[in-house]
Amino acid sequence: MVTPAPPFRPRAVVFDLDGVLVDSEGLWSRAEARVVESLGGAWHPDVGERMLGLGPADAAAVLAEHLEHPDPEAVEERLLTVALELFTAGVRPRDGAGALLAALRGQVPVGVATNSRRILAEASLSSSGLAGLVDALVTADEAKAAKPDPAPYLLACETLEVAPAATVVLEDSPVGAQAARSAGCWVIGCPAEITTTLPAAHVVVADLAAIDVAVLLDGEPRAEALGPR
């Protein structure tokens, strides 16, 4: 696969967290299923699909609707408790995540913009071993609105002191890609599931390991990546 090269020299790269840097979607599904079952409901995978990429309040609202529960805030609190237990036990980085972050380190500022609460995001980054490779973390606790609103990506760019038009974003969900596109960023789709379509992404790659940082930042592969002549 050819590494996508944006039509500008990127000044920052911002990642979504769940499903892009960390392999946490399965943990989220387990947490959601536990909450539904603990409240006397039956779990259906299509409920999880409706929640993909949503902020905590919006995701809890979907669960509450599914359960016909009168208090979405109570559902969100229960989901946060269960998810934190699972995330603290260990979250794996997605293939290529650590190498890509390490290669970007010192080249451009690197941020994460996630719809997760900060306590979950920090647990994910810490348990996956990626925490020291990120310059800025924007979560649902800081952004004024959740994706698909552009607010998380606008705040990430502001924090990194880089214009959105000079920023590359990597996203795995339709709502996240739409948020980044609406913010004015250049979007690389990297879906965790091959069936996920990302119409708002400028390009789509199969996985993070396919990305050559030199091509991403400069449009040309480094000499060592080309092999002997």
# chains A, B, ... in the order shown; residues from 1 in each chain; ligands from 1
>>> residues_around(residues="Val75 of chain A", least_positions_apart="6", cutoff="9 Å", atoms="only C-alpha atoms", output="list of chain:residue names")
A:Val35, A:Val36, A:Leu39, A:Ala60, A:Ala61, A:Leu63, A:Ala64, A:His69
>>> write_last_selection(atoms="N, CA, C and O atoms", output="PDB file, in the first residue's frame")
ATOM      1  N   VAL A  35     -23.015  -3.682  31.112  1.00  0.00           N
ATOM      2  CA  VAL A  35     -23.947  -2.678  31.638  1.00  0.00           C
ATOM      3  C   VAL A  35     -25.378  -3.026  31.248  1.00  0.00           C
ATOM      4  O   VAL A  35     -26.298  -2.978  32.078  1.00  0.00           O
ATOM      5  N   VAL A  36     -25.584  -3.377  29.999  1.00  0.00           N
ATOM      6  CA  VAL A  36     -26.926  -3.732  29.529  1.00  0.00           C
ATOM      7  C   VAL A  36     -27.473  -4.918  30.319  1.00  0.00           C
ATOM      8  O   VAL A  36     -28.614  -4.900  30.809  1.00  0.00           O
ATOM      9  N   LEU A  39     -28.442  -4.286  33.914  1.00  0.00           N
ATOM     10  CA  LEU A  39     -29.676  -3.523  34.046  1.00  0.00           C
ATOM     11  C   LEU A  39     -30.877  -4.285  33.505  1.00  0.00           C
ATOM     12  O   LEU A  39     -31.960  -3.707  33.309  1.00  0.00           O
ATOM     13  N   ALA A  60     -24.210   6.920  26.127  1.00  0.00           N
ATOM     14  CA  ALA A  60     -25.085   6.521  27.226  1.00  0.00           C
ATOM     15  C   ALA A  60     -26.549   6.715  26.857  1.00  0.00           C
ATOM     16  O   ALA A  60     -27.412   5.924  27.255  1.00  0.00           O
ATOM     17  N   ALA A  61     -26.828   7.742  26.075  1.00  0.00           N
ATOM     18  CA  ALA A  61     -28.202   7.974  25.635  1.00  0.00           C
ATOM     19  C   ALA A  61     -28.689   6.843  24.741  1.00  0.00           C
ATOM     20  O   ALA A  61     -29.851   6.424  24.828  1.00  0.00           O
ATOM     21  N   LEU A  63     -27.592   3.719  24.908  1.00  0.00           N
ATOM     22  CA  LEU A  63     -27.806   2.581  25.799  1.00  0.00           C
ATOM     23  C   LEU A  63     -29.107   2.735  26.589  1.00  0.00           C
ATOM     24  O   LEU A  63     -29.876   1.779  26.748  1.00  0.00           O
ATOM     25  N   ALA A  64     -29.335   3.951  27.089  1.00  0.00           N
ATOM     26  CA  ALA A  64     -30.538   4.186  27.878  1.00  0.00           C
ATOM     27  C   ALA A  64     -31.793   3.976  27.031  1.00  0.00           C
ATOM     28  O   ALA A  64     -32.784   3.396  27.497  1.00  0.00           O
ATOM     29  N   HIS A  69     -34.297   2.992  29.814  1.00  0.00           N
ATOM     30  CA  HIS A  69     -33.896   3.441  31.149  1.00  0.00           C
ATOM     31  C   HIS A  69     -34.147   4.942  31.257  1.00  0.00           C
ATOM     32  O   HIS A  69     -33.793   5.702  30.344  1.00  0.00           O
TER      33      HIS A  69
END
>>> residues_around(residues="Asp212 of chain A", least_positions_apart="2", cutoff="6 Å", atoms="only C-alpha atoms", output="list in words")
Thr3, Ala214 and Val215 of chain A
>>> closest_residue(among="A:Phe15, A:Phe8, A:Trp28, A:Trp43", to="Gly176 of chain A", atoms="only C-alpha atoms")
A:Phe15
>>> residues_around(residues="Ala166 of chain A", least_positions_apart="3", cutoff="9 Å", atoms="only C-alpha atoms", output="list in words")
Phe8, Arg9, Pro10, Arg11, Ala12, Val13, Val162, Ala163, Gly184, Cys185 and Trp186 of chain A
>>> write_last_selection(atoms="N, CA, C and O atoms", output="PDB file, in the first residue's frame")
ATOM      1  N   PHE A   8       0.215  19.217   1.428  1.00  0.00           N
ATOM      2  CA  PHE A   8       0.901  20.268   2.182  1.00  0.00           C
ATOM      3  C   PHE A   8       1.885  19.587   3.121  1.00  0.00           C
ATOM      4  O   PHE A   8       1.819  18.377   3.332  1.00  0.00           O
ATOM      5  N   ARG A   9       2.789  20.363   3.695  1.00  0.00           N
ATOM      6  CA  ARG A   9       3.744  19.818   4.645  1.00  0.00           C
ATOM      7  C   ARG A   9       3.097  19.873   6.037  1.00  0.00           C
ATOM      8  O   ARG A   9       2.913  20.960   6.589  1.00  0.00           O
ATOM      9  N   PRO A  10       2.691  18.740   6.607  1.00  0.00           N
ATOM     10  CA  PRO A  10       2.003  18.760   7.898  1.00  0.00           C
ATOM     11  C   PRO A  10       2.852  19.384   9.006  1.00  0.00           C
ATOM     12  O   PRO A  10       4.062  19.162   9.084  1.00  0.00           O
ATOM     13  N   ARG A  11       2.173  20.150   9.853  1.00  0.00           N
ATOM     14  CA  ARG A  11       2.827  20.765  11.001  1.00  0.00           C
ATOM     15  C   ARG A  11       2.454  20.071  12.303  1.00  0.00           C
ATOM     16  O   ARG A  11       3.009  20.391  13.361  1.00  0.00           O
ATOM     17  N   ALA A  12       1.494  19.152  12.235  1.00  0.00           N
ATOM     18  CA  ALA A  12       1.103  18.362  13.398  1.00  0.00           C
ATOM     19  C   ALA A  12       0.320  17.152  12.919  1.00  0.00           C
ATOM     20  O   ALA A  12      -0.255  17.162  11.827  1.00  0.00           O
ATOM     21  N   VAL A  13       0.310  16.121  13.743  1.00  0.00           N
ATOM     22  CA  VAL A  13      -0.501  14.923  13.481  1.00  0.00           C
ATOM     23  C   VAL A  13      -1.300  14.637  14.742  1.00  0.00           C
ATOM     24  O   VAL A  13      -0.750  14.594  15.845  1.00  0.00           O
ATOM     25  N   VAL A 162      -1.030  24.820  16.221  1.00  0.00           N
ATOM     26  CA  VAL A 162      -0.935  24.546  14.784  1.00  0.00           C
ATOM     27  C   VAL A 162      -2.312  24.760  14.163  1.00  0.00           C
ATOM     28  O   VAL A 162      -3.333  24.418  14.765  1.00  0.00           O
ATOM     29  N   ALA A 163      -2.338  25.317  12.966  1.00  0.00           N
ATOM     30  CA  ALA A 163      -3.604  25.535  12.275  1.00  0.00           C
ATOM     31  C   ALA A 163      -4.210  24.201  11.829  1.00  0.00           C
ATOM     32  O   ALA A 163      -3.477  23.303  11.407  1.00  0.00           O
ATOM     33  N   GLY A 184     -11.407  21.272   9.490  1.00  0.00           N
ATOM     34  CA  GLY A 184     -10.495  21.767   8.463  1.00  0.00           C
ATOM     35  C   GLY A 184      -9.210  20.986   8.358  1.00  0.00           C
ATOM     36  O   GLY A 184      -8.270  21.415   7.680  1.00  0.00           O
ATOM     37  N   CYS A 185      -9.149  19.805   9.011  1.00  0.00           N
ATOM     38  CA  CYS A 185      -7.945  18.975   8.965  1.00  0.00           C
ATOM     39  C   CYS A 185      -7.977  18.044   7.749  1.00  0.00           C
ATOM     40  O   CYS A 185      -9.019  17.840   7.124  1.00  0.00           O
ATOM     41  N   TRP A 186      -6.813  17.472   7.425  1.00  0.00           N
ATOM     42  CA  TRP A 186      -6.703  16.483   6.346  1.00  0.00           C
ATOM     43  C   TRP A 186      -6.794  15.117   6.993  1.00  0.00           C
ATOM     44  O   TRP A 186      -6.025  14.800   7.903  1.00  0.00           O
TER      45      TRP A 186
END
>>> select_by_dssp(residues="segment 100-189 of chain A", states="strand (DSSP E)", output="PyMOL selection string")
chain A and resi 110-113+136-138+167-171+186-189
>>> write_last_selection(atoms="all heavy atoms", output="compact mmCIF listing (two decimals), in the first residue's frame")
# COMPACT_ATOMS: atom_id res chain seq x y z
N VAL A 110 2.55 15.89 18.24
CA VAL A 110 1.59 14.79 18.11
C VAL A 110 0.53 14.93 19.20
O VAL A 110 0.84 15.12 20.38
CB VAL A 110 2.30 13.43 18.25
CG1 VAL A 110 1.27 12.30 18.28
CG2 VAL A 110 3.28 13.23 17.11
N GLY A 111 -0.72 14.85 18.79
CA GLY A 111 -1.82 14.96 19.74
C GLY A 111 -2.78 13.80 19.64
O GLY A 111 -2.75 13.04 18.68
N VAL A 112 -3.62 13.68 20.65
CA VAL A 112 -4.73 12.73 20.65
C VAL A 112 -6.00 13.50 20.98
O VAL A 112 -6.03 14.31 21.93
CB VAL A 112 -4.51 11.62 21.70
CG1 VAL A 112 -5.78 10.79 21.88
CG2 VAL A 112 -3.36 10.72 21.29
N ALA A 113 -7.04 13.28 20.20
CA ALA A 113 -8.35 13.88 20.45
C ALA A 113 -9.37 12.75 20.50
O ALA A 113 -9.59 12.06 19.51
CB ALA A 113 -8.71 14.88 19.36
N ALA A 136 -0.02 16.13 23.43
CA ALA A 136 -1.24 16.75 23.94
C ALA A 136 -2.37 15.75 23.89
O ALA A 136 -2.47 14.94 22.97
CB ALA A 136 -1.60 17.98 23.11
N LEU A 137 -3.23 15.81 24.90
CA LEU A 137 -4.38 14.91 24.99
C LEU A 137 -5.63 15.74 25.23
O LEU A 137 -5.73 16.46 26.23
CB LEU A 137 -4.19 13.90 26.13
CG LEU A 137 -5.39 13.01 26.47
CD1 LEU A 137 -5.77 12.14 25.28
CD2 LEU A 137 -5.08 12.15 27.70
N VAL A 138 -6.59 15.65 24.31
CA VAL A 138 -7.87 16.33 24.45
C VAL A 138 -8.95 15.27 24.61
O VAL A 138 -9.04 14.34 23.79
CB VAL A 138 -8.17 17.21 23.22
CG1 VAL A 138 -9.61 17.74 23.27
CG2 VAL A 138 -7.19 18.37 23.15
N THR A 167 -2.79 20.34 9.63
CA THR A 167 -2.81 19.18 10.52
C THR A 167 -3.38 17.95 9.83
O THR A 167 -4.40 18.04 9.14
CB THR A 167 -3.65 19.49 11.77
OG1 THR A 167 -3.10 20.63 12.44
CG2 THR A 167 -3.67 18.32 12.74
N VAL A 168 -2.73 16.81 10.05
CA VAL A 168 -3.23 15.52 9.58
C VAL A 168 -3.88 14.80 10.76
O VAL A 168 -3.34 14.79 11.86
CB VAL A 168 -2.10 14.66 9.00
CG1 VAL A 168 -2.57 13.22 8.76
CG2 VAL A 168 -1.59 15.26 7.70
N VAL A 169 -5.03 14.22 10.50
CA VAL A 169 -5.76 13.46 11.54
C VAL A 169 -5.94 12.02 11.07
O VAL A 169 -6.21 11.77 9.89
CB VAL A 169 -7.14 14.10 11.81
CG1 VAL A 169 -8.04 13.14 12.58
CG2 VAL A 169 -6.97 15.41 12.57
N LEU A 170 -5.80 11.08 12.00
CA LEU A 170 -6.09 9.67 11.72
C LEU A 170 -7.29 9.24 12.53
O LEU A 170 -7.30 9.39 13.76
CB LEU A 170 -4.88 8.79 12.04
CG LEU A 170 -3.73 8.93 11.02
CD1 LEU A 170 -2.73 9.96 11.51
CD2 LEU A 170 -3.04 7.61 10.79
N GLU A 171 -8.32 8.72 11.85
CA GLU A 171 -9.59 8.37 12.46
C GLU A 171 -10.10 7.02 11.98
O GLU A 171 -9.77 6.60 10.86
CB GLU A 171 -10.64 9.44 12.14
CG GLU A 171 -10.82 10.51 13.19
CD GLU A 171 -11.56 9.99 14.42
OE1 GLU A 171 -12.00 8.82 14.44
OE2 GLU A 171 -11.69 10.77 15.39
N TRP A 186 -6.81 17.47 7.42
CA TRP A 186 -6.70 16.48 6.35
C TRP A 186 -6.79 15.12 6.99
O TRP A 186 -6.02 14.80 7.90
CB TRP A 186 -5.38 16.65 5.61
CG TRP A 186 -5.36 16.04 4.24
CD1 TRP A 186 -5.91 16.55 3.10
CD2 TRP A 186 -4.73 14.81 3.87
NE1 TRP A 186 -5.67 15.72 2.04
CE2 TRP A 186 -4.96 14.65 2.47
CE3 TRP A 186 -4.01 13.84 4.55
CZ2 TRP A 186 -4.48 13.55 1.77
CZ3 TRP A 186 -3.54 12.75 3.86
CH2 TRP A 186 -3.76 12.61 2.48
N VAL A 187 -7.74 14.30 6.56
CA VAL A 187 -8.13 13.10 7.31
C VAL A 187 -7.71 11.82 6.61
O VAL A 187 -8.05 11.58 5.45
CB VAL A 187 -9.65 13.08 7.53
CG1 VAL A 187 -10.04 11.92 8.44
CG2 VAL A 187 -10.14 14.41 8.10
N ILE A 188 -6.97 10.99 7.36
CA ILE A 188 -6.64 9.64 6.93
C ILE A 188 -7.54 8.68 7.70
O ILE A 188 -7.52 8.65 8.93
CB ILE A 188 -5.17 9.28 7.21
CG1 ILE A 188 -4.23 10.23 6.46
CG2 ILE A 188 -4.88 7.83 6.82
CD1 ILE A 188 -2.76 10.02 6.78
N GLY A 189 -8.33 7.91 6.99
CA GLY A 189 -9.15 6.90 7.63
C GLY A 189 -8.35 5.64 7.86
O GLY A 189 -7.61 5.19 6.99
>>> closest_residue(among="A:Pro72, A:Pro109, A:Gly132, A:Pro191", to="Thr159 of chain A", atoms="only C-alpha atoms")
A:Pro109
>>> select_by_dssp(residues="segment 69-213 of chain A", states="helix (DSSP H, G or I)", output="PyMOL selection string")
chain A and resi 72-89+97-104+118-128+131-133+151-160+164-166+174-183+208-210+213
>>> write_last_selection(atoms="C-alpha atoms", output="CSV table (one decimal), in the first residue's frame")
chain,number,residue,atom,x,y,z
A,72,PRO,CA,-28.9,8.3,30.9
A,73,GLU,CA,-26.5,9.9,33.4
A,74,ALA,CA,-26.7,6.9,35.6
A,75,VAL,CA,-26.1,4.6,32.7
A,76,GLU,CA,-23.1,6.7,31.7
A,77,GLU,CA,-21.7,6.4,35.3
A,78,ARG,CA,-22.1,2.7,35.3
A,79,LEU,CA,-20.5,2.4,31.9
A,80,LEU,CA,-17.5,4.5,33.0
A,81,THR,CA,-17.0,2.3,36.1
A,82,VAL,CA,-17.0,-0.9,34.1
A,83,ALA,CA,-14.9,0.4,31.3
A,84,LEU,CA,-12.3,1.8,33.6
A,85,GLU,CA,-12.0,-1.6,35.3
A,86,LEU,CA,-11.4,-3.3,31.9
A,87,PHE,CA,-9.0,-0.6,30.6
A,88,THR,CA,-6.9,-0.5,33.7
A,89,ALA,CA,-6.4,-4.3,33.4
A,97,ALA,CA,0.9,2.5,16.7
A,98,GLY,CA,4.1,2.6,18.8
A,99,ALA,CA,6.4,2.6,15.8
A,100,LEU,CA,4.5,5.4,14.1
A,101,LEU,CA,4.4,7.6,17.2
A,102,ALA,CA,8.1,7.0,17.8
A,103,ALA,CA,8.9,7.9,14.2
A,104,LEU,CA,6.8,11.1,14.5
A,118,ARG,CA,-9.8,11.7,30.6
A,119,ILE,CA,-9.6,9.0,33.2
A,120,LEU,CA,-10.2,6.3,30.5
A,121,ALA,CA,-7.9,7.9,28.0
A,122,GLU,CA,-5.1,8.2,30.4
A,123,ALA,CA,-5.6,4.6,31.5
A,124,SER,CA,-5.5,3.5,27.8
A,125,LEU,CA,-2.4,5.4,27.0
A,126,SER,CA,-0.6,4.2,30.1
A,127,SER,CA,-1.5,0.5,29.9
A,128,SER,CA,-0.7,0.4,26.2
A,131,ALA,CA,1.6,7.8,27.1
A,132,GLY,CA,5.2,9.1,26.7
A,133,LEU,CA,4.8,9.5,22.9
A,151,ALA,CA,-14.6,21.0,18.8
A,152,PRO,CA,-12.1,18.2,19.9
A,153,TYR,CA,-9.9,18.6,16.9
A,154,LEU,CA,-10.1,22.4,17.0
A,155,LEU,CA,-9.0,22.3,20.7
A,156,ALA,CA,-6.2,19.8,19.9
A,157,CYS,CA,-4.8,22.1,17.1
A,158,GLU,CA,-5.1,25.1,19.5
A,159,THR,CA,-3.2,23.2,22.2
A,160,LEU,CA,-0.5,22.2,19.7
A,164,PRO,CA,-6.2,22.8,11.4
A,165,ALA,CA,-5.4,23.3,7.7
A,166,ALA,CA,-1.8,22.2,8.5
A,174,PRO,CA,-17.5,8.0,10.6
A,175,VAL,CA,-18.3,10.5,13.3
A,176,GLY,CA,-14.6,11.1,14.1
A,177,ALA,CA,-13.7,11.5,10.5
A,178,GLN,CA,-16.5,14.0,10.0
A,179,ALA,CA,-15.4,16.0,13.1
A,180,ALA,CA,-11.8,16.2,11.8
A,181,ARG,CA,-13.0,17.2,8.3
A,182,SER,CA,-15.3,19.8,9.7
A,183,ALA,CA,-12.4,21.2,11.7
A,208,LEU,CA,-0.9,2.2,10.8
A,209,ALA,CA,2.0,0.0,9.8
A,210,ALA,CA,1.4,1.0,6.2
A,213,VAL,CA,6.4,8.9,8.1
>>> closest_residue(among="A:Gly129, A:Gly106, A:Gly96, A:Pro150", to="Val20 of chain A", atoms="only C-alpha atoms")
A:Gly96
>>> residues_around(residues="Ser29 of chain A", least_positions_apart="3", cutoff="10 Å", atoms="only C-alpha atoms", output="list in words")
Ser24, Glu25, Gly26, Glu32, Ala33, Arg34, Val35, Trp43, His44, Pro45, Val47, Gly48, Glu49, Met51, Leu52 and Ala83 of chain A
>>> write_last_selection(atoms="N, CA and C atoms", output="PDB file, in the first residue's frame")
ATOM      1  N   SER A  24      -9.147  -1.095  21.561  1.00  0.00           N
ATOM      2  CA  SER A  24     -10.047  -1.071  22.715  1.00  0.00           C
ATOM      3  C   SER A  24     -11.505  -1.308  22.362  1.00  0.00           C
ATOM      4  N   GLU A  25     -11.826  -1.433  21.083  1.00  0.00           N
ATOM      5  CA  GLU A  25     -13.233  -1.579  20.717  1.00  0.00           C
ATOM      6  C   GLU A  25     -13.849  -2.838  21.324  1.00  0.00           C
ATOM      7  N   GLY A  26     -13.068  -3.927  21.405  1.00  0.00           N
ATOM      8  CA  GLY A  26     -13.573  -5.131  22.035  1.00  0.00           C
ATOM      9  C   GLY A  26     -13.861  -4.929  23.511  1.00  0.00           C
ATOM     10  N   GLU A  32     -20.076  -2.390  27.466  1.00  0.00           N
ATOM     11  CA  GLU A  32     -21.458  -2.068  27.114  1.00  0.00           C
ATOM     12  C   GLU A  32     -22.381  -3.257  27.382  1.00  0.00           C
ATOM     13  N   ALA A  33     -21.918  -4.446  27.005  1.00  0.00           N
ATOM     14  CA  ALA A  33     -22.729  -5.645  27.218  1.00  0.00           C
ATOM     15  C   ALA A  33     -22.963  -5.894  28.708  1.00  0.00           C
ATOM     16  N   ARG A  34     -21.918  -5.707  29.520  1.00  0.00           N
ATOM     17  CA  ARG A  34     -22.068  -5.908  30.967  1.00  0.00           C
ATOM     18  C   ARG A  34     -23.088  -4.940  31.556  1.00  0.00           C
ATOM     19  N   VAL A  35     -23.015  -3.682  31.112  1.00  0.00           N
ATOM     20  CA  VAL A  35     -23.947  -2.678  31.638  1.00  0.00           C
ATOM     21  C   VAL A  35     -25.378  -3.026  31.248  1.00  0.00           C
ATOM     22  N   TRP A  43     -28.142  -7.690  25.212  1.00  0.00           N
ATOM     23  CA  TRP A  43     -27.167  -6.981  24.377  1.00  0.00           C
ATOM     24  C   TRP A  43     -27.277  -7.407  22.924  1.00  0.00           C
ATOM     25  N   HIS A  44     -27.238  -6.423  22.020  1.00  0.00           N
ATOM     26  CA  HIS A  44     -27.223  -6.692  20.585  1.00  0.00           C
ATOM     27  C   HIS A  44     -26.068  -5.913  19.959  1.00  0.00           C
ATOM     28  N   PRO A  45     -25.254  -6.561  19.115  1.00  0.00           N
ATOM     29  CA  PRO A  45     -24.105  -5.870  18.512  1.00  0.00           C
ATOM     30  C   PRO A  45     -24.471  -4.602  17.749  1.00  0.00           C
ATOM     31  N   VAL A  47     -26.360  -2.323  18.636  1.00  0.00           N
ATOM     32  CA  VAL A  47     -26.358  -1.194  19.578  1.00  0.00           C
ATOM     33  C   VAL A  47     -24.953  -0.619  19.662  1.00  0.00           C
ATOM     34  N   GLY A  48     -23.957  -1.499  19.726  1.00  0.00           N
ATOM     35  CA  GLY A  48     -22.567  -1.053  19.748  1.00  0.00           C
ATOM     36  C   GLY A  48     -22.187  -0.294  18.494  1.00  0.00           C
ATOM     37  N   GLU A  49     -22.696  -0.728  17.344  1.00  0.00           N
ATOM     38  CA  GLU A  49     -22.406  -0.045  16.093  1.00  0.00           C
ATOM     39  C   GLU A  49     -22.980   1.369  16.102  1.00  0.00           C
ATOM     40  N   MET A  51     -23.173   3.196  18.634  1.00  0.00           N
ATOM     41  CA  MET A  51     -22.396   3.973  19.595  1.00  0.00           C
ATOM     42  C   MET A  51     -20.986   4.283  19.118  1.00  0.00           C
ATOM     43  N   LEU A  52     -20.564   3.693  17.989  1.00  0.00           N
ATOM     44  CA  LEU A  52     -19.176   3.810  17.532  1.00  0.00           C
ATOM     45  C   LEU A  52     -18.771   5.267  17.364  1.00  0.00           C
ATOM     46  N   ALA A  83     -15.950   0.209  32.255  1.00  0.00           N
ATOM     47  CA  ALA A  83     -14.901   0.401  31.251  1.00  0.00           C
ATOM     48  C   ALA A  83     -13.549   0.659  31.910  1.00  0.00           C
TER      49      ALA A  83
END
>>> closest_residue(among="A:Ile211, A:Leu17, A:Ala42, A:Leu54", to="Asp149 of chain A", atoms="only C-alpha atoms")
A:Leu54
>>> closest_residue(among="A:Ala59, A:Arg94, A:Gly19, A:Ala143", to="Thr196 of chain A", atoms="only C-alpha atoms")
A:Gly19
>>> decode(residues="segment 97-114 of chain A", atoms="N, CA, C and O atoms", output="PDB file, in the first residue's frame")
ATOM      1  N   ALA A  97       1.180   1.214  15.953  1.00  0.00           N
ATOM      2  CA  ALA A  97       0.941   2.473  16.658  1.00  0.00           C
ATOM      3  C   ALA A  97       2.208   2.999  17.340  1.00  0.00           C
ATOM      4  O   ALA A  97       2.575   4.168  17.193  1.00  0.00           O
ATOM      5  N   GLY A  98       2.866   2.134  18.102  1.00  0.00           N
ATOM      6  CA  GLY A  98       4.061   2.577  18.809  1.00  0.00           C
ATOM      7  C   GLY A  98       5.164   3.020  17.870  1.00  0.00           C
ATOM      8  O   GLY A  98       5.808   4.054  18.098  1.00  0.00           O
ATOM      9  N   ALA A  99       5.379   2.266  16.807  1.00  0.00           N
ATOM     10  CA  ALA A  99       6.436   2.609  15.848  1.00  0.00           C
ATOM     11  C   ALA A  99       6.124   3.923  15.138  1.00  0.00           C
ATOM     12  O   ALA A  99       7.017   4.752  14.906  1.00  0.00           O
ATOM     13  N   LEU A 100       4.853   4.139  14.788  1.00  0.00           N
ATOM     14  CA  LEU A 100       4.479   5.371  14.102  1.00  0.00           C
ATOM     15  C   LEU A 100       4.640   6.578  15.016  1.00  0.00           C
ATOM     16  O   LEU A 100       5.189   7.609  14.608  1.00  0.00           O
ATOM     17  N   LEU A 101       4.188   6.463  16.252  1.00  0.00           N
ATOM     18  CA  LEU A 101       4.352   7.572  17.189  1.00  0.00           C
ATOM     19  C   LEU A 101       5.827   7.872  17.448  1.00  0.00           C
ATOM     20  O   LEU A 101       6.238   9.035  17.515  1.00  0.00           O
ATOM     21  N   ALA A 102       6.625   6.829  17.583  1.00  0.00           N
ATOM     22  CA  ALA A 102       8.057   7.024  17.817  1.00  0.00           C
ATOM     23  C   ALA A 102       8.724   7.696  16.628  1.00  0.00           C
ATOM     24  O   ALA A 102       9.609   8.551  16.794  1.00  0.00           O
ATOM     25  N   ALA A 103       8.293   7.338  15.411  1.00  0.00           N
ATOM     26  CA  ALA A 103       8.876   7.933  14.208  1.00  0.00           C
ATOM     27  C   ALA A 103       8.475   9.394  14.065  1.00  0.00           C
ATOM     28  O   ALA A 103       9.245  10.206  13.520  1.00  0.00           O
ATOM     29  N   LEU A 104       7.288   9.743  14.539  1.00  0.00           N
ATOM     30  CA  LEU A 104       6.830  11.132  14.467  1.00  0.00           C
ATOM     31  C   LEU A 104       7.471  12.003  15.544  1.00  0.00           C
ATOM     32  O   LEU A 104       7.548  13.215  15.394  1.00  0.00           O
ATOM     33  N   ARG A 105       7.911  11.362  16.620  1.00  0.00           N
ATOM     34  CA  ARG A 105       8.460  12.094  17.763  1.00  0.00           C
ATOM     35  C   ARG A 105       9.635  12.962  17.333  1.00  0.00           C
ATOM     36  O   ARG A 105      10.598  12.501  16.716  1.00  0.00           O
ATOM     37  N   GLY A 106       9.566  14.235  17.621  1.00  0.00           N
ATOM     38  CA  GLY A 106      10.626  15.157  17.251  1.00  0.00           C
ATOM     39  C   GLY A 106      10.496  15.710  15.849  1.00  0.00           C
ATOM     40  O   GLY A 106      11.203  16.657  15.498  1.00  0.00           O
ATOM     41  N   GLN A 107       9.621  15.127  15.040  1.00  0.00           N
ATOM     42  CA  GLN A 107       9.393  15.624  13.683  1.00  0.00           C
ATOM     43  C   GLN A 107       8.304  16.698  13.674  1.00  0.00           C
ATOM     44  O   GLN A 107       8.486  17.781  13.112  1.00  0.00           O
ATOM     45  N   VAL A 108       7.169  16.370  14.283  1.00  0.00           N
ATOM     46  CA  VAL A 108       6.046  17.297  14.410  1.00  0.00           C
ATOM     47  C   VAL A 108       5.373  17.053  15.753  1.00  0.00           C
ATOM     48  O   VAL A 108       5.497  15.970  16.330  1.00  0.00           O
ATOM     49  N   PRO A 109       4.631  18.034  16.270  1.00  0.00           N
ATOM     50  CA  PRO A 109       3.853  17.784  17.490  1.00  0.00           C
ATOM     51  C   PRO A 109       2.796  16.717  17.235  1.00  0.00           C
ATOM     52  O   PRO A 109       2.225  16.649  16.142  1.00  0.00           O
ATOM     53  N   VAL A 110       2.555  15.891  18.240  1.00  0.00           N
ATOM     54  CA  VAL A 110       1.595  14.787  18.113  1.00  0.00           C
ATOM     55  C   VAL A 110       0.527  14.933  19.200  1.00  0.00           C
ATOM     56  O   VAL A 110       0.843  15.118  20.378  1.00  0.00           O
ATOM     57  N   GLY A 111      -0.721  14.854  18.786  1.00  0.00           N
ATOM     58  CA  GLY A 111      -1.820  14.963  19.739  1.00  0.00           C
ATOM     59  C   GLY A 111      -2.780  13.800  19.639  1.00  0.00           C
ATOM     60  O   GLY A 111      -2.754  13.035  18.676  1.00  0.00           O
ATOM     61  N   VAL A 112      -3.625  13.683  20.648  1.00  0.00           N
ATOM     62  CA  VAL A 112      -4.727  12.727  20.653  1.00  0.00           C
ATOM     63  C   VAL A 112      -5.999  13.503  20.979  1.00  0.00           C
ATOM     64  O   VAL A 112      -6.026  14.305  21.926  1.00  0.00           O
ATOM     65  N   ALA A 113      -7.042  13.275  20.196  1.00  0.00           N
ATOM     66  CA  ALA A 113      -8.352  13.877  20.453  1.00  0.00           C
ATOM     67  C   ALA A 113      -9.368  12.752  20.504  1.00  0.00           C
ATOM     68  O   ALA A 113      -9.589  12.062  19.511  1.00  0.00           O
ATOM     69  N   THR A 114      -9.972  12.568  21.661  1.00  0.00           N
ATOM     70  CA  THR A 114     -10.856  11.424  21.869  1.00  0.00           C
ATOM     71  C   THR A 114     -12.162  11.849  22.518  1.00  0.00           C
ATOM     72  O   THR A 114     -12.199  12.832  23.278  1.00  0.00           O
TER      73      THR A 114
END
